[in-house]
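**Q** What follows is a single structure, and I will ask about it in a moment.
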Number of protein chains: 2
Amino acid sequence: MTTSALDYRKREVLEAIIECYNQTAAPVGSRTIERLYGMGISAATIRNTMADLEELGYVTQPHPSAGRVPTEIGYRVYVDTLMEAEELSNKEKLLIQERCASLEGSYEGIIEQTSKILSEISHYIGFVLTPELHDSILRRLELIPIDGDKDNSAHRGRVLAVLLMASGVVKNHIVSVSKDLADKDIRGINRILNEKLVGLSLRRIQQISHDTADLRAIFDTDLSDSIVAFTRDTFSLNQEIHVHLDGASNFFSQPEFLEVDKMEPLFRLLEQKDRIAGLLSPQQPTSGIQVVIGSENKYEGMEMCSVVYSCYTSHGDVLGTIGVIGPTRMPYSRVVSIVDFTAQAMSQVFEHTL
Amino acid sequence: MTTSALDYRKREVLEAIIECYNQTAAPVGSRTIERLYGMGISAATIRNTMADLEELGYVTQPHPSAGRVPTEIGYRVYVDTLMEAEELSNKEKLLIQERCASLEGSYEGIIEQTSKILSEISHYIGFVLTPELHDSILRRLELIPIDGDKDNSAHRGRVLAVLLMASGVVKNHIVSVSKDLADKDIRGINRILNEKLVGLSLRRIQQISHDTADLRAIFDTDLSDSIVAFTRDTFSLNQEIHVHLDGASNFFSQPEFLEVDKMEPLFRLLEQKDRIAGLLSPQQPTSGIQVVIGSENKYEGMEMCSVVYSCYTSHGDVLGTIGVIGPTRMPYSRVVSIVDFTAQAMSQVFEHTL
DNA sequence: TGTTAGCACTCGTATGTGGAGAGTGCTAAA
DNA sequence: TTTAGCACTCTCCACATACGAGTGCTAACA
């Protein structure tokens with residue numbers, strides 16, 4: 001009696017249920033649809049269609065005498081096949097572009113502000129992951145002695161290592177240096193490392209610096225332990241991916257999260273930044289927007305959420321991920337457009353300022 | 001009938017009410033105190049004393065037939081005069097020190113980890129404010145051309161400016177540079193600026209670089225517009241204070257915040273990092289611990305919270321603020337000890353690694 | 001065969017009531 | 001001045017009831 005593929009009427013009704021549920025967060029009844037989306041059929045017919053949709057697993061009833069609520073499968077079908085991309089208004093586009101364009105030099109600032117932009121425009125949680133540096137190419141290394149007194153450093157000192165990557169990302173950290181390395185030794189090491197290592201990925205450089213034989217080849221000479229240790233330390237930045245989140249408090253406006261026991265697991269998870277990073281970064285950097293719905297998210301606390309994300313780039317390289325976390329009941333077409341547009345705007349910022 | 005100063009019994013009872021309320025978050029009755037803190041007097045006597053404390057404004061009743069709850073004034077008296085500092089256990093001290101000691105080079109990482117340590121040990125919100133740099137002394141400036149091709153930069157390029165401050169804090173940002181400045185000009189500017197500006201505060205340097213006459217005196221020559229603009233840009237880092245928070249979800253375990261309308265204003269406020277910074281940084285850097293109780297906090301959302309904070313230093317200079325935000329009902333003596341000890345441990349980390 | 005109207009049924013939500021318990025203030029006795 | 005006893009108050013919880021929204025089913029209709 002029901003064709004297995006979705007016929008026109010089923011699609012219409014499913015879409016109506018999803019749209020209506022998005023606005024009210026309450027189960028949608030047949031009468032409601034008849035009133036709001038007068039599609040030329042009566043409530044009774046809609047009821048029949050809804051029963052069909054339920055059989056297919058696209059909608060469900062919270063209790064036997066309630067209206068219908070979309071299931072995750074229903075949302076998946078909607079996102080994959082029914083939804084048409086919502087064009088952002090020019091006003092919104094301008095808003096995003098202006099705020100992105102006003103972001104200034106500091107790399108941290110860009111990350112922080114972009115997550116704020118995303119959250120404010122989507123009214124959900126905006127997030128930005130910092131770049132994974134291991135695959136980045138070294139463009140320039142600068143070693144700046146800090147403690148050394150004018151070339152005769154008699155005491156154990158420290159060196160500020162500044163790593164400039166091809167993508168424009170700058171990373172600096174402080175390296176302790178054995179006292180038998182004078183400032184001019186450091187300068188020599190700096191010159192050699194720049195000559196030999198620029199153009200290689202950080203991952204490759206770390207491999208090389210962990211192998212004493214490789215290092216010897218680079219320096220083309222016997223090496224003191226101090227130089228070996230120093231070189232290793234220079235490139236051993238503990239590269240964790242950082243996550244910037246903004247707008248978590250927007251969830252207080254979401255009716256389905258009003259109860260504390262719904263909110264708590266989510267907020268606990270969001271504080272474990274490393275888990276969020278793990279949730280999102282290992283995906284191969286497929287271009288384009290990804291949508292993860294409800295319990296497709298493997299972490300506890302995210303069962304009632306969906307994630308829409310994309311990646312941002314600079315000079316063609318994938319740098320990191322940006323996206324939005326919202327409730328499963330989410331205007332996907334709009335959020336997809338927001339994330340997509342913001343990712344592009346942010347990529348432009350990186351290309352221009354870094 | 002009641003002496004205006006707090007006599008011994010009133011102090012005992014007030015302390016008992018506060019301690020008991022800290023644990024249960026429920027109004028404390030006279031019988032409860034008699035049972036738990038057998039202080040040799042009957043419930044009826046305690047009732048009389050409680051009535052006196054209520055008259056003084058130190059405790060109150062949520063409703064006429066309930067037990068007593070400490071008021072903010074009561075907490076203030078407790079913190080200022082009754083409370084004795086709680087010594088942390090050696091285990092806790094070790095825990096803090098170990099985790100602080102394991103913090104590595106990256107300045108951002110230290111900030112982030114310290115707020116996490118504070119929140120985990122206190123079970124409340126830990127926060128760390130980044131240094132206000134304007135009063136920091138410049139130790140070293142390094143200008144690193146990025147785009148220039150081997151001394152003949154024919155196109156408009158960019159320079160990475162690395163500012164190393166006396167406190168050990170490193171700040172870098174990217175400066176656009178007019179195409180008529182060659183790499184060797186940049187090196188010259190770098191040398192001169194280091195000669196003339198090292199040892200001055202960032203605030204002073206910014207004053208100088210905004211005054212063309214001052215700049216001319218520094219460079220001891222006529223200046224092209226390019227050099228003037230470049231010098232200004234080099235030192236014009238938009239220095240906002242950053243706030244790192246951790247442990248907000250601990251508030252889900254606090255009974256008085258279980259209702260959403262209690263939680264929401266707080267979380268909304270916490271996301272406005274700039275307001276938090278304003279709340280805490282303008283205080284003159286008085287040494288020692290500060291405790292701000294309940295509505296003494298001027299921002300909406302903090303009425304039910306208290307803040308315990310102190311500052312961290314490096315080489316004698318005040319760098320920033322660290323502290324804990326918890327509910328007004330808070331074991332102040334313990335939290336004060338935690339913040340105090342962590343501030344010291346963090347200061348040591350800064351002195352050693354930066 | 002597909003669609004519509006009518007109707008009985010179900011179940012969640014809101015509302016109201018009563019009793020138990022905790023804690024007080026007051027009074028009178030020690 | 002302290003204590004015991006007692007009446008009073010107020011909150012909280014459990015239970016029952018009424019209401020309403022929405023369904024599935026059946027029968028009539030195009």
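Just remember, in the structure tokens the first chain shown is A, the second B, etc., residues are 1-based per chain, and ligands are 1-based in the order shown.
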Can you show chain A as a compact mmCIF listing (two decimals) with C-alpha atoms, in the first residue's frame once it has been least-squares superposed onto chain B, using every C-alpha atom paired in order?
**A**
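Final file, selection.txt:
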# COMPACT_ATOMS: atom_id res chain seq x y z
CA MET A 1 20.24 42.34 76.39
CA THR A 2 22.66 41.51 73.57
CA THR A 3 26.15 42.84 73.56
CA SER A 4 26.74 44.51 70.21
CA ALA A 5 30.03 42.71 69.65
CA LEU A 6 29.88 39.01 68.93
CA ASP A 7 30.29 37.07 72.14
CA TYR A 8 31.68 33.58 72.18
CA ARG A 9 28.34 31.80 71.89
CA LYS A 10 27.15 33.86 68.95
CA ARG A 11 30.41 33.20 67.14
CA GLU A 12 30.07 29.48 67.80
CA VAL A 13 26.51 29.38 66.54
CA LEU A 14 27.22 31.51 63.47
CA GLU A 15 30.12 29.27 62.59
CA ALA A 16 27.98 26.18 63.08
CA ILE A 17 25.27 27.59 60.84
CA ILE A 18 27.77 28.45 58.13
CA GLU A 19 29.51 25.11 58.27
CA CYS A 20 26.31 23.15 58.27
CA TYR A 21 24.78 25.24 55.51
CA ASN A 22 27.91 24.77 53.43
CA GLN A 23 27.34 21.05 53.46
CA THR A 24 23.60 20.79 53.06
CA ALA A 25 22.57 23.98 51.26
CA ALA A 26 19.44 23.81 53.39
CA PRO A 27 18.33 26.13 56.21
CA VAL A 28 19.84 25.06 59.50
CA GLY A 29 17.54 24.46 62.47
CA SER A 30 18.33 24.73 66.15
CA ARG A 31 17.88 21.00 66.70
CA THR A 32 20.36 20.20 63.98
CA ILE A 33 23.03 22.32 65.60
CA GLU A 34 22.31 20.83 69.00
CA ARG A 35 22.74 17.33 67.58
CA LEU A 36 25.81 17.92 65.42
CA TYR A 37 27.79 20.42 67.43
CA GLY A 38 26.86 19.44 70.98
CA MET A 39 28.07 22.67 72.50
CA GLY A 40 26.50 22.13 75.90
CA ILE A 41 23.45 24.27 75.34
CA SER A 42 19.95 23.26 74.41
CA ALA A 43 18.07 23.88 71.17
CA ALA A 44 16.00 26.54 72.88
CA THR A 45 19.07 28.53 73.83
CA ILE A 46 20.42 28.14 70.35
CA ARG A 47 17.10 29.47 69.08
CA ASN A 48 17.51 32.55 71.20
CA THR A 49 21.03 33.07 69.97
CA MET A 50 19.88 32.61 66.40
CA ALA A 51 17.25 35.29 66.91
CA ASP A 52 20.02 37.60 68.11
CA LEU A 53 22.13 36.79 65.05
CA GLU A 54 19.15 37.51 62.84
CA GLU A 55 18.69 40.88 64.50
CA LEU A 56 22.34 41.62 63.71
CA GLY A 57 21.73 40.70 60.07
CA TYR A 58 24.11 37.77 59.97
CA VAL A 59 21.50 35.09 59.31
CA THR A 60 18.01 35.06 57.87
CA GLN A 61 15.00 32.84 57.42
CA PRO A 62 13.83 31.96 53.90
CA HIS A 63 10.32 31.67 55.36
CA PRO A 64 8.97 32.09 58.88
CA SER A 65 9.05 28.45 59.84
CA ALA A 66 12.38 27.47 58.37
CA GLY A 67 15.87 27.25 59.81
CA ARG A 68 18.49 29.95 59.38
CA VAL A 69 20.66 30.71 56.39
CA PRO A 70 23.79 32.89 56.53
CA THR A 71 23.49 36.29 54.88
CA GLU A 72 26.23 37.94 52.85
CA ILE A 73 27.02 40.06 55.87
CA GLY A 74 27.29 36.89 57.90
CA TYR A 75 29.72 35.44 55.42
CA ARG A 76 31.68 38.68 55.37
CA VAL A 77 32.08 38.58 59.14
CA TYR A 78 33.04 34.94 58.95
CA VAL A 79 35.67 35.52 56.27
CA ASP A 80 37.09 38.63 57.89
CA THR A 81 37.16 37.66 61.53
CA LEU A 82 36.04 34.12 62.35
CA MET A 83 37.58 31.88 59.75
CA GLU A 84 40.98 30.38 60.36
CA ALA A 85 43.05 29.42 57.33
CA GLU A 86 42.69 25.78 56.49
CA GLU A 87 46.00 24.11 55.84
CA LEU A 88 45.90 22.02 52.69
CA SER A 89 46.88 18.40 53.12
CA ASN A 90 50.35 17.47 51.93
CA LYS A 91 48.75 15.30 49.31
CA GLU A 92 46.90 18.25 47.87
CA LYS A 93 49.93 20.48 48.01
CA LEU A 94 51.97 17.88 46.20
CA LEU A 95 49.23 17.47 43.62
CA ILE A 96 49.19 21.17 42.86
CA GLN A 97 52.95 21.47 42.75
CA GLU A 98 53.40 18.44 40.55
CA ARG A 99 50.85 19.57 38.06
CA CYS A 100 52.28 23.07 38.01
CA ALA A 101 55.80 21.77 37.60
CA SER A 102 54.77 19.63 34.65
CA LEU A 103 53.53 22.64 32.74
CA GLU A 104 55.65 23.17 29.70
CA GLY A 105 57.03 26.15 27.86
CA SER A 106 53.96 27.40 26.09
CA TYR A 107 52.58 30.37 27.85
CA GLU A 108 49.04 29.66 26.72
CA GLY A 109 49.37 26.15 28.04
CA ILE A 110 50.31 27.33 31.51
CA ILE A 111 47.31 29.63 31.69
CA GLU A 112 44.96 26.95 30.46
CA GLN A 113 46.26 24.22 32.71
CA THR A 114 46.30 26.36 35.81
CA SER A 115 42.64 27.22 35.48
CA LYS A 116 41.98 23.52 35.10
CA ILE A 117 43.97 22.68 38.22
CA LEU A 118 42.11 25.30 40.21
CA SER A 119 38.74 24.04 39.12
CA GLU A 120 39.53 20.41 39.73
CA ILE A 121 40.87 20.95 43.22
CA SER A 122 38.26 23.45 44.33
CA HIS A 123 35.36 21.81 42.48
CA TYR A 124 34.30 25.26 41.40
CA ILE A 125 35.28 27.50 38.52
CA GLY A 126 38.99 28.21 38.18
CA PHE A 127 40.11 31.22 36.21
CA VAL A 128 43.34 32.83 35.11
CA LEU A 129 43.74 36.28 33.60
CA THR A 130 46.58 36.84 31.18
CA PRO A 131 49.00 39.63 31.95
CA GLU A 132 48.25 43.22 31.27
CA LEU A 133 51.22 44.07 29.08
CA HIS A 134 51.12 47.84 29.10
CA ASP A 135 53.24 48.05 32.19
CA SER A 136 55.61 45.34 31.08
CA ILE A 137 59.16 46.19 30.20
CA LEU A 138 60.48 45.35 26.75
CA ARG A 139 63.45 43.04 26.94
CA ARG A 140 63.99 42.37 23.29
CA LEU A 141 62.39 43.01 19.92
CA GLU A 142 62.91 40.81 16.91
CA LEU A 143 61.62 41.69 13.44
CA ILE A 144 61.50 38.81 11.01
CA PRO A 145 60.65 39.58 7.37
CA ILE A 146 58.31 36.94 6.04
CA ASP A 147 57.67 37.59 2.39
CA GLY A 148 60.80 39.42 1.35
CA ASP A 149 62.91 37.56 -1.19
CA LYS A 150 66.52 37.83 -0.21
CA ASP A 151 66.89 41.52 0.47
CA ASN A 152 65.17 42.83 -2.61
CA SER A 153 61.58 42.83 -1.60
CA ALA A 154 59.89 44.24 -4.63
CA HIS A 155 56.41 43.60 -3.36
CA ARG A 156 54.52 44.68 -0.32
CA GLY A 157 55.46 42.24 2.38
CA ARG A 158 54.92 41.37 5.98
CA VAL A 159 57.10 41.23 9.03
CA LEU A 160 56.71 39.03 12.06
CA ALA A 161 57.29 41.15 15.16
CA VAL A 162 58.32 39.20 18.25
CA LEU A 163 58.19 41.14 21.49
CA LEU A 164 59.92 39.56 24.44
CA MET A 165 59.00 41.21 27.70
CA ALA A 166 61.10 41.35 30.86
CA SER A 167 58.60 39.13 32.62
CA GLY A 168 59.29 36.45 30.04
CA VAL A 169 56.01 36.83 28.22
CA VAL A 170 56.33 36.62 24.45
CA LYS A 171 53.92 38.34 22.13
CA ASN A 172 54.10 38.11 18.39
CA HIS A 173 52.05 39.57 15.62
CA ILE A 174 52.33 40.21 11.95
CA VAL A 175 52.89 43.70 10.63
CA SER A 176 52.31 44.79 7.07
CA VAL A 177 55.16 46.74 5.63
CA SER A 178 55.31 49.17 2.77
CA LYS A 179 57.19 47.92 -0.24
CA ASP A 180 59.77 50.68 -0.14
CA LEU A 181 61.31 49.15 2.98
CA ALA A 182 63.79 46.45 2.06
CA ASP A 183 64.79 43.67 4.38
CA LYS A 184 67.96 45.42 5.30
CA ASP A 185 65.99 48.52 6.26
CA ILE A 186 63.95 46.33 8.56
CA ARG A 187 67.12 44.98 10.13
CA GLY A 188 68.34 48.53 10.66
CA ILE A 189 65.10 49.55 12.27
CA ASN A 190 65.21 46.43 14.42
CA ARG A 191 68.70 47.30 15.68
CA ILE A 192 67.85 50.91 16.44
CA LEU A 193 64.59 50.07 18.19
CA ASN A 194 66.34 47.50 20.34
CA GLU A 195 69.02 49.98 21.27
CA LYS A 196 66.64 52.75 22.17
CA LEU A 197 63.52 51.09 23.49
CA VAL A 198 64.64 48.07 25.47
CA GLY A 199 64.02 48.72 29.16
CA LEU A 200 60.99 50.90 28.58
CA SER A 201 57.42 49.92 29.34
CA LEU A 202 55.15 49.08 26.48
CA ARG A 203 52.94 51.98 27.44
CA ARG A 204 55.86 54.40 27.15
CA ILE A 205 56.91 52.87 23.84
CA GLN A 206 53.44 53.31 22.43
CA GLN A 207 53.43 56.94 23.51
CA ILE A 208 56.77 57.48 21.79
CA SER A 209 55.77 55.72 18.61
CA HIS A 210 52.63 57.82 18.32
CA ASP A 211 54.62 61.02 18.43
CA THR A 212 56.52 61.63 15.21
CA ALA A 213 58.89 64.04 16.88
CA ASP A 214 59.78 61.52 19.52
CA LEU A 215 60.35 58.93 16.87
CA ARG A 216 62.64 61.25 14.97
CA ALA A 217 64.67 61.74 18.10
CA ILE A 218 64.98 58.00 18.51
CA PHE A 219 66.10 57.43 14.97
CA ASP A 220 68.18 60.59 15.04
CA THR A 221 67.26 61.38 11.46
CA ASP A 222 64.43 62.38 9.16
CA LEU A 223 61.96 59.59 8.82
CA SER A 224 60.01 58.35 5.87
CA ASP A 225 56.30 57.84 6.40
CA SER A 226 56.88 54.13 5.89
CA ILE A 227 59.21 53.89 8.86
CA VAL A 228 56.89 55.91 11.08
CA ALA A 229 53.91 53.74 10.16
CA PHE A 230 55.83 50.55 10.50
CA THR A 231 57.15 51.42 13.94
CA ARG A 232 53.70 52.33 15.15
CA ASP A 233 52.24 49.10 13.84
CA THR A 234 54.97 47.08 15.45
CA PHE A 235 53.94 48.16 18.91
CA SER A 236 50.22 48.54 18.38
CA LEU A 237 49.17 45.16 19.63
CA ASN A 238 45.58 45.27 20.64
CA GLN A 239 46.28 44.21 24.15
CA GLU A 240 43.16 42.76 25.55
CA ILE A 241 43.39 40.75 28.70
CA HIS A 242 42.36 37.19 28.09
CA VAL A 243 40.43 35.13 30.58
CA HIS A 244 40.66 31.40 30.83
CA LEU A 245 37.89 29.66 32.72
CA ASP A 246 37.48 26.04 33.60
CA GLY A 247 35.01 24.00 35.60
CA ALA A 248 31.81 25.89 34.96
CA SER A 249 29.97 22.60 34.79
CA ASN A 250 30.80 22.04 38.45
CA PHE A 251 27.92 24.38 39.15
CA PHE A 252 25.55 21.68 38.03
CA SER A 253 26.34 19.90 41.30
CA GLN A 254 25.36 22.92 43.36
CA PRO A 255 21.78 22.59 44.59
CA GLU A 256 21.15 26.32 44.63
CA PHE A 257 21.92 26.50 40.92
CA LEU A 258 19.83 23.56 39.84
CA GLU A 259 17.08 25.77 38.50
CA VAL A 260 17.83 27.00 35.04
CA ASP A 261 17.03 30.63 35.74
CA LYS A 262 19.76 30.67 38.38
CA MET A 263 22.30 29.09 36.06
CA GLU A 264 21.63 30.99 32.87
CA PRO A 265 22.63 34.52 33.90
CA LEU A 266 25.86 33.18 35.35
CA PHE A 267 26.79 31.24 32.25
CA ARG A 268 25.87 34.16 30.01
CA LEU A 269 28.14 36.39 32.05
CA LEU A 270 30.99 33.90 32.01
CA GLU A 271 30.95 33.91 28.22
CA GLN A 272 31.53 37.63 28.15
CA LYS A 273 35.18 37.24 28.88
CA ASP A 274 35.83 40.93 28.62
CA ARG A 275 33.40 41.65 31.44
CA ILE A 276 35.05 39.06 33.64
CA ALA A 277 38.35 40.72 32.91
CA GLY A 278 36.86 44.08 33.84
CA LEU A 279 35.45 42.63 37.01
CA LEU A 280 38.80 41.51 38.26
CA SER A 281 41.68 43.35 36.70
CA PRO A 282 41.20 47.03 37.53
CA GLN A 283 41.65 46.38 41.21
CA GLN A 284 44.96 47.68 42.28
CA PRO A 285 47.29 44.72 42.59
CA THR A 286 47.02 44.46 46.30
CA SER A 287 49.06 41.57 47.42
CA GLY A 288 47.30 38.76 49.16
CA ILE A 289 43.96 37.12 48.75
CA GLN A 290 40.80 39.03 47.96
CA VAL A 291 37.34 37.66 48.65
CA VAL A 292 34.28 39.20 47.00
CA ILE A 293 31.02 37.87 48.34
CA GLY A 294 27.71 37.63 46.53
CA SER A 295 26.22 40.93 45.45
CA GLU A 296 29.47 42.71 46.22
CA ASN A 297 30.14 41.56 42.66
CA LYS A 298 28.69 44.31 40.56
CA TYR A 299 27.74 42.25 37.52
CA GLU A 300 24.38 40.64 36.97
CA GLY A 301 24.66 36.91 37.20
CA MET A 302 27.20 36.92 39.99
CA GLU A 303 24.84 37.80 42.83
CA MET A 304 24.84 34.24 44.06
CA CYS A 305 28.58 33.76 43.61
CA SER A 306 31.72 34.62 45.46
CA VAL A 307 35.12 35.18 43.96
CA VAL A 308 38.39 34.36 45.68
CA TYR A 309 41.43 35.64 43.84
CA SER A 310 45.04 36.54 44.13
CA CYS A 311 47.74 37.54 41.70
CA TYR A 312 50.65 35.69 40.20
CA THR A 313 54.02 37.24 39.68
CA SER A 314 57.28 36.73 37.90
CA HIS A 315 60.55 38.27 38.98
CA GLY A 316 58.63 40.46 41.37
CA ASP A 317 56.24 41.90 38.78
CA VAL A 318 52.54 41.32 39.07
CA LEU A 319 51.52 39.53 35.90
CA GLY A 320 47.88 38.65 36.25
CA THR A 321 45.12 37.32 38.42
CA ILE A 322 44.08 33.79 39.25
CA GLY A 323 41.17 32.67 41.35
CA VAL A 324 38.06 30.66 41.92
CA ILE A 325 34.42 31.50 41.36
CA GLY A 326 32.01 29.50 43.46
CA PRO A 327 28.60 29.80 45.04
CA THR A 328 28.26 32.19 47.95
CA ARG A 329 27.87 29.06 50.05
CA MET A 330 31.50 28.09 49.83
CA PRO A 331 34.13 26.64 52.19
CA TYR A 332 36.03 29.90 52.15
CA SER A 333 38.94 28.84 54.30
CA ARG A 334 39.72 25.93 52.04
CA VAL A 335 39.32 27.87 48.81
CA VAL A 336 41.45 30.72 50.09
CA SER A 337 44.23 28.24 50.80
CA ILE A 338 43.91 26.66 47.39
CA VAL A 339 44.09 29.95 45.54
CA ASP A 340 46.95 31.19 47.66
CA PHE A 341 49.01 28.06 47.22
CA THR A 342 48.33 27.77 43.50
CA ALA A 343 49.23 31.40 42.91
CA GLN A 344 52.59 30.77 44.52
CA ALA A 345 53.17 27.57 42.59
CA MET A 346 52.26 29.28 39.34
CA SER A 347 54.55 32.20 40.04
CA GLN A 348 57.38 29.75 40.47
CA VAL A 349 56.59 28.16 37.14
CA PHE A 350 56.78 31.54 35.46
CA GLU A 351 60.05 32.42 37.10
CA HIS A 352 61.62 29.16 36.06
CA THR A 353 60.37 28.66 32.55
CA LEU A 354 60.01 32.14 31.15
**Q** Within 9 Å of chain B, which residues of chain C show up when using only C-alpha atoms (C1' of nucleotides), listed as a ChimeraX atom specification?
**A** /C:22-24
**Q** Chain D residues within 10 Å of chain B, counting only C-alpha atoms (C1' of nucleotides): which ones, as a list of chain:residue names?
**A** D:DT1, D:DT2, D:DT3, D:DA4, D:DC8, D:DT9, D:DC10, D:DT11
**Q** From region 132-337 of chain A, collect each residue whose DSSP state is alpha helix (DSSP H) and return the set as number ranges by chain.
**A** A: 183-197, 202-210, 212-219, 225-235, 260-271, 273-280, 332-337
**Q** Go ahead and save the picked residues with C-alpha atoms, as a PDB file, in the first residue's frame.
**A**
ATOM      1  CA  ASP A 183      75.058  32.724  21.591  1.00  0.00           C
ATOM      2  CA  LYS A 184      77.103  32.462  18.465  1.00  0.00           C
ATOM      3  CA  ASP A 185      76.703  28.691  18.498  1.00  0.00           C
ATOM      4  CA  ILE A 186      72.966  29.234  18.641  1.00  0.00           C
ATOM      5  CA  ARG A 187      73.173  31.547  15.650  1.00  0.00           C
ATOM      6  CA  GLY A 188      75.139  28.914  13.773  1.00  0.00           C
ATOM      7  CA  ILE A 189      72.623  26.244  14.587  1.00  0.00           C
ATOM      8  CA  ASN A 190      69.829  28.606  13.572  1.00  0.00           C
ATOM      9  CA  ARG A 191      71.432  29.196  10.167  1.00  0.00           C
ATOM     10  CA  ILE A 192      72.058  25.521   9.493  1.00  0.00           C
ATOM     11  CA  LEU A 193      68.584  24.440  10.581  1.00  0.00           C
ATOM     12  CA  ASN A 194      67.009  27.059   8.358  1.00  0.00           C
ATOM     13  CA  GLU A 195      69.089  25.944   5.421  1.00  0.00           C
ATOM     14  CA  LYS A 196      68.342  22.279   5.835  1.00  0.00           C
ATOM     15  CA  LEU A 197      64.869  22.059   7.292  1.00  0.00           C
ATOM     16  CA  LEU A 202      57.030  19.439  11.143  1.00  0.00           C
ATOM     17  CA  ARG A 203      56.404  15.735  11.374  1.00  0.00           C
ATOM     18  CA  ARG A 204      59.408  15.009   9.160  1.00  0.00           C
ATOM     19  CA  ILE A 205      61.549  17.444  11.124  1.00  0.00           C
ATOM     20  CA  GLN A 206      60.649  15.749  14.377  1.00  0.00           C
ATOM     21  CA  GLN A 207      61.563  12.388  12.910  1.00  0.00           C
ATOM     22  CA  ILE A 208      64.924  13.751  11.807  1.00  0.00           C
ATOM     23  CA  SER A 209      65.675  15.438  15.098  1.00  0.00           C
ATOM     24  CA  HIS A 210      64.977  12.240  16.999  1.00  0.00           C
ATOM     25  CA  THR A 212      71.067  11.282  15.895  1.00  0.00           C
ATOM     26  CA  ALA A 213      72.438   9.935  12.645  1.00  0.00           C
ATOM     27  CA  ASP A 214      70.042  12.032  10.642  1.00  0.00           C
ATOM     28  CA  LEU A 215      70.988  15.054  12.660  1.00  0.00           C
ATOM     29  CA  ARG A 216      74.658  14.434  12.045  1.00  0.00           C
ATOM     30  CA  ALA A 217      73.975  14.330   8.345  1.00  0.00           C
ATOM     31  CA  ILE A 218      72.192  17.648   8.561  1.00  0.00           C
ATOM     32  CA  PHE A 219      74.961  19.327  10.462  1.00  0.00           C
ATOM     33  CA  ASP A 225      75.131  16.146  23.099  1.00  0.00           C
ATOM     34  CA  SER A 226      74.133  19.739  23.779  1.00  0.00           C
ATOM     35  CA  ILE A 227      73.401  20.438  20.138  1.00  0.00           C
ATOM     36  CA  VAL A 228      71.469  17.210  19.713  1.00  0.00           C
ATOM     37  CA  ALA A 229      69.352  17.921  22.787  1.00  0.00           C
ATOM     38  CA  PHE A 230      68.803  21.509  21.868  1.00  0.00           C
ATOM     39  CA  THR A 231      67.672  20.692  18.347  1.00  0.00           C
ATOM     40  CA  ARG A 232      65.240  18.110  19.621  1.00  0.00           C
ATOM     41  CA  ASP A 233      63.802  20.506  22.158  1.00  0.00           C
ATOM     42  CA  THR A 234      63.411  23.200  19.560  1.00  0.00           C
ATOM     43  CA  PHE A 235      60.980  21.131  17.563  1.00  0.00           C
ATOM     44  CA  VAL A 260      19.349  20.113  34.233  1.00  0.00           C
ATOM     45  CA  ASP A 261      20.045  16.457  33.566  1.00  0.00           C
ATOM     46  CA  LYS A 262      19.909  17.159  29.838  1.00  0.00           C
ATOM     47  CA  MET A 263      22.242  20.128  30.104  1.00  0.00           C
ATOM     48  CA  GLU A 264      24.844  18.778  32.480  1.00  0.00           C
ATOM     49  CA  PRO A 265      26.334  15.958  30.391  1.00  0.00           C
ATOM     50  CA  LEU A 266      26.662  18.316  27.441  1.00  0.00           C
ATOM     51  CA  PHE A 267      28.408  21.014  29.424  1.00  0.00           C
ATOM     52  CA  ARG A 268      30.690  18.484  31.079  1.00  0.00           C
ATOM     53  CA  LEU A 269      31.664  17.185  27.672  1.00  0.00           C
ATOM     54  CA  LEU A 270      32.241  20.653  26.269  1.00  0.00           C
ATOM     55  CA  GLU A 271      34.763  21.339  29.018  1.00  0.00           C
ATOM     56  CA  LYS A 273      38.314  20.240  25.072  1.00  0.00           C
ATOM     57  CA  ASP A 274      40.545  17.365  24.105  1.00  0.00           C
ATOM     58  CA  ARG A 275      37.551  15.107  23.575  1.00  0.00           C
ATOM     59  CA  ILE A 276      35.868  17.690  21.390  1.00  0.00           C
ATOM     60  CA  ALA A 277      39.060  17.880  19.382  1.00  0.00           C
ATOM     61  CA  GLY A 278      39.075  14.103  19.071  1.00  0.00           C
ATOM     62  CA  LEU A 279      35.465  14.126  18.014  1.00  0.00           C
ATOM     63  CA  LEU A 280      36.089  16.387  15.088  1.00  0.00           C
ATOM     64  CA  TYR A 332      19.895  22.600   9.212  1.00  0.00           C
ATOM     65  CA  SER A 333      19.693  24.432   5.928  1.00  0.00           C
ATOM     66  CA  ARG A 334      20.344  27.754   7.586  1.00  0.00           C
ATOM     67  CA  VAL A 335      23.153  26.489   9.804  1.00  0.00           C
ATOM     68  CA  VAL A 336      24.836  24.737   6.901  1.00  0.00           C
ATOM     69  CA  SER A 337      24.872  28.019   5.009  1.00  0.00           C
TER      70      SER A 337
END
**Q** When you draw a straight line from C1' of DA14 (chain C) to C1' of DG22 (chain D), how long is it in Å?
**A**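 Answer for the C1' of DA14 (chain C) to C1' of DG22 (chain D) separation: 17.5 Å.
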**Q** Tell me, as a VMD selection string, which residues lie within 12 Å of DG18 (chain C), counting only C-alpha atoms (C1' of nucleotides); anything in the same chain fewer than 5 positions away does not count.
**A** chain D and resid 13 to 16
**Q** I need the residues from that last selection saved to file as a short mmCIF file (atom, residue, chain, number, x, y, z; two decimals), in the first residue's frame (with C-alpha atoms (C1' of nucleotides)), if you can.
**A**
data_model
loop_
_atom_site.label_atom_id
_atom_site.label_comp_id
_atom_site.auth_asym_id
_atom_site.auth_seq_id
_atom_site.Cartn_x
_atom_site.Cartn_y
_atom_site.Cartn_z
"C1'" DC D 13 4.90 15.28 48.64
"C1'" DA D 14 1.51 12.03 47.18
"C1'" DC D 15 -2.73 11.30 45.38
"C1'" DA D 16 -6.89 12.13 42.84
#
